[in-house]
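Written out below as structure tokens is the structure these notes cover.
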Amino acid sequence: MHKYIGMKKGRFVLLSLLLSLFTYNILAQHDAGYKKYIPSYDISVAIGDPMLASFYTDGYFLFRPYYDPKPFSFDDYVFGPEEYAGNTYITPVISTKITYQAASWYKVGGVFGYFGYYAKKHDVFTDAIVRRENTHVFLLMPEMMLLWLNESIIQIYSGAGLGIAITMKEKLFTNEPSKNGLELSLLPTYHLNIIGARFGKELFGFVEYGVGFKGMFSAGIGYKFVK
């Protein structure tokens, strides 16, 4: 009888031990997975080419000279124009993004970007600047990214965003300030990130290839904060 009770106690202890080991293993795996995919957020800054962003400046293209169409003038036809176009300056698309990664396979973010187009007109006879035409384009866009590879020091991802481009056009006359004007317009815009690669842990760099406001090619740096 005592031998039977001892065997039952032994089986109970062995079963309890196995159950404890099983529970510990499950918790350990859960803890390891939690540590691997702990939510985080980051902030980054990127520079991209303005090939698409330039279309928001009345369709002026990056590789096309600045041209301001004007009605036919008999004086210009006989005596020539009184003005000529000076240097034109085009900035790259500069963007900053705040991103939140809630899981191992996706993250969401918000993008703020800027693109500038600066042109001057000169007097033909004196070379003095008679007019400045500046265009400022601002981007506001939410973005979602899917991660194809999510390791500690490398991420491979794709993404897409849809937002608005806010265009401000300034015309500043040097000698006739009463003619100065400012036009404001809102247009939808997008960015499709075909493939992106990110390298580093807390401090990281990244490169992206896609189509949209942020440029066909863009690159930047960022910093990751753990929640």
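Chains: A, B, ... in order of the structure tokens. Residues: from 1 per chain. Ligands: from 1, in order shown.
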
When you look at Ile98 in chain A with a cut-off of 12 Å (counting only C-alpha atoms), what residues show up, excluding the ones that are within fewer than 3 positions of it in the same chain? I need them as a PyMOL selection string. chain A and resi 40-46+95+101+107-113+140-144+222-225

Can you write out the residues you just picked, keeping N, CA and C atoms, as an mmCIF file, in the first residue's frame?
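For reference, result_26.cif as written:
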data_model
loop_
_atom_site.group_PDB
_atom_site.id
_atom_site.type_symbol
_atom_site.label_atom_id
_atom_site.label_comp_id
_atom_site.auth_asym_id
_atom_site.auth_seq_id
_atom_site.Cartn_x
_atom_site.Cartn_y
_atom_site.Cartn_z
ATOM 1 N N SER A 40 8.392 50.025 -31.509
ATOM 2 C CA SER A 40 9.383 51.094 -31.508
ATOM 3 C C SER A 40 8.944 52.184 -32.469
ATOM 4 N N TYR A 41 9.569 53.333 -32.356
ATOM 5 C CA TYR A 41 9.329 54.390 -33.326
ATOM 6 C C TYR A 41 10.647 55.064 -33.644
ATOM 7 N N ASP A 42 10.693 55.723 -34.796
ATOM 8 C CA ASP A 42 11.929 56.376 -35.195
ATOM 9 C C ASP A 42 11.623 57.658 -35.960
ATOM 10 N N ILE A 43 12.626 58.485 -36.089
ATOM 11 C CA ILE A 43 12.538 59.720 -36.859
ATOM 12 C C ILE A 43 13.698 59.735 -37.845
ATOM 13 N N SER A 44 13.433 60.159 -39.068
ATOM 14 C CA SER A 44 14.457 60.126 -40.110
ATOM 15 C C SER A 44 14.350 61.353 -41.005
ATOM 16 N N VAL A 45 15.453 61.646 -41.685
ATOM 17 C CA VAL A 45 15.528 62.745 -42.652
ATOM 18 C C VAL A 45 16.091 62.184 -43.946
ATOM 19 N N ALA A 46 15.488 62.558 -45.078
ATOM 20 C CA ALA A 46 15.921 62.029 -46.376
ATOM 21 C C ALA A 46 16.040 63.144 -47.395
ATOM 22 N N SER A 95 12.779 65.675 -46.855
ATOM 23 C CA SER A 95 11.629 65.161 -46.117
ATOM 24 C C SER A 95 12.056 64.599 -44.771
ATOM 25 N N GLN A 101 6.493 51.325 -35.500
ATOM 26 C CA GLN A 101 6.451 49.907 -35.854
ATOM 27 C C GLN A 101 5.831 49.125 -34.716
ATOM 28 N N LYS A 107 4.801 48.821 -40.516
ATOM 29 C CA LYS A 107 4.928 50.045 -39.736
ATOM 30 C C LYS A 107 4.212 51.174 -40.469
ATOM 31 N N VAL A 108 3.816 52.182 -39.718
ATOM 32 C CA VAL A 108 3.097 53.323 -40.279
ATOM 33 C C VAL A 108 3.843 54.595 -39.907
ATOM 34 N N GLY A 109 3.642 55.633 -40.717
ATOM 35 C CA GLY A 109 4.357 56.868 -40.445
ATOM 36 C C GLY A 109 3.693 58.071 -41.083
ATOM 37 N N GLY A 110 4.212 59.228 -40.762
ATOM 38 C CA GLY A 110 3.758 60.480 -41.334
ATOM 39 C C GLY A 110 4.946 61.224 -41.917
ATOM 40 N N VAL A 111 4.792 61.774 -43.129
ATOM 41 C CA VAL A 111 5.891 62.424 -43.850
ATOM 42 C C VAL A 111 5.590 63.908 -44.027
ATOM 43 N N PHE A 112 6.601 64.735 -43.782
ATOM 44 C CA PHE A 112 6.551 66.150 -44.106
ATOM 45 C C PHE A 112 7.726 66.452 -45.032
ATOM 46 N N GLY A 113 7.441 67.042 -46.197
ATOM 47 C CA GLY A 113 8.510 67.284 -47.162
ATOM 48 C C GLY A 113 8.462 68.691 -47.720
ATOM 49 N N LEU A 140 2.466 66.797 -47.176
ATOM 50 C CA LEU A 140 1.926 66.170 -45.966
ATOM 51 C C LEU A 140 1.321 64.834 -46.380
ATOM 52 N N MET A 141 1.823 63.734 -45.808
ATOM 53 C CA MET A 141 1.386 62.435 -46.308
ATOM 54 C C MET A 141 1.538 61.331 -45.264
ATOM 55 N N PRO A 142 0.480 60.575 -44.975
ATOM 56 C CA PRO A 142 0.633 59.343 -44.194
ATOM 57 C C PRO A 142 1.180 58.243 -45.088
ATOM 58 N N GLU A 143 1.907 57.313 -44.491
ATOM 59 C CA GLU A 143 2.562 56.268 -45.280
ATOM 60 C C GLU A 143 2.523 54.950 -44.514
ATOM 61 N N MET A 144 2.374 53.857 -45.232
ATOM 62 C CA MET A 144 2.410 52.522 -44.633
ATOM 63 C C MET A 144 3.469 51.689 -45.330
ATOM 64 N N GLY A 222 18.534 58.151 -39.787
ATOM 65 C CA GLY A 222 17.482 58.243 -38.786
ATOM 66 C C GLY A 222 17.942 57.655 -37.455
ATOM 67 N N TYR A 223 17.049 57.768 -36.477
ATOM 68 C CA TYR A 223 17.346 57.232 -35.137
ATOM 69 C C TYR A 223 16.110 56.513 -34.624
ATOM 70 N N LYS A 224 16.341 55.317 -34.047
ATOM 71 C CA LYS A 224 15.262 54.477 -33.537
ATOM 72 C C LYS A 224 15.144 54.617 -32.029
ATOM 73 N N PHE A 225 13.898 54.813 -31.571
ATOM 74 C CA PHE A 225 13.597 54.894 -30.140
ATOM 75 C C PHE A 225 12.740 53.679 -29.765
#

For Asn150 in chain A, list every protein, DNA or RNA residue within 8 Å, evaluated using only C-alpha atoms, and leave out those in the same chain fewer than 3 positions away; present the list as a count of residues only. 6
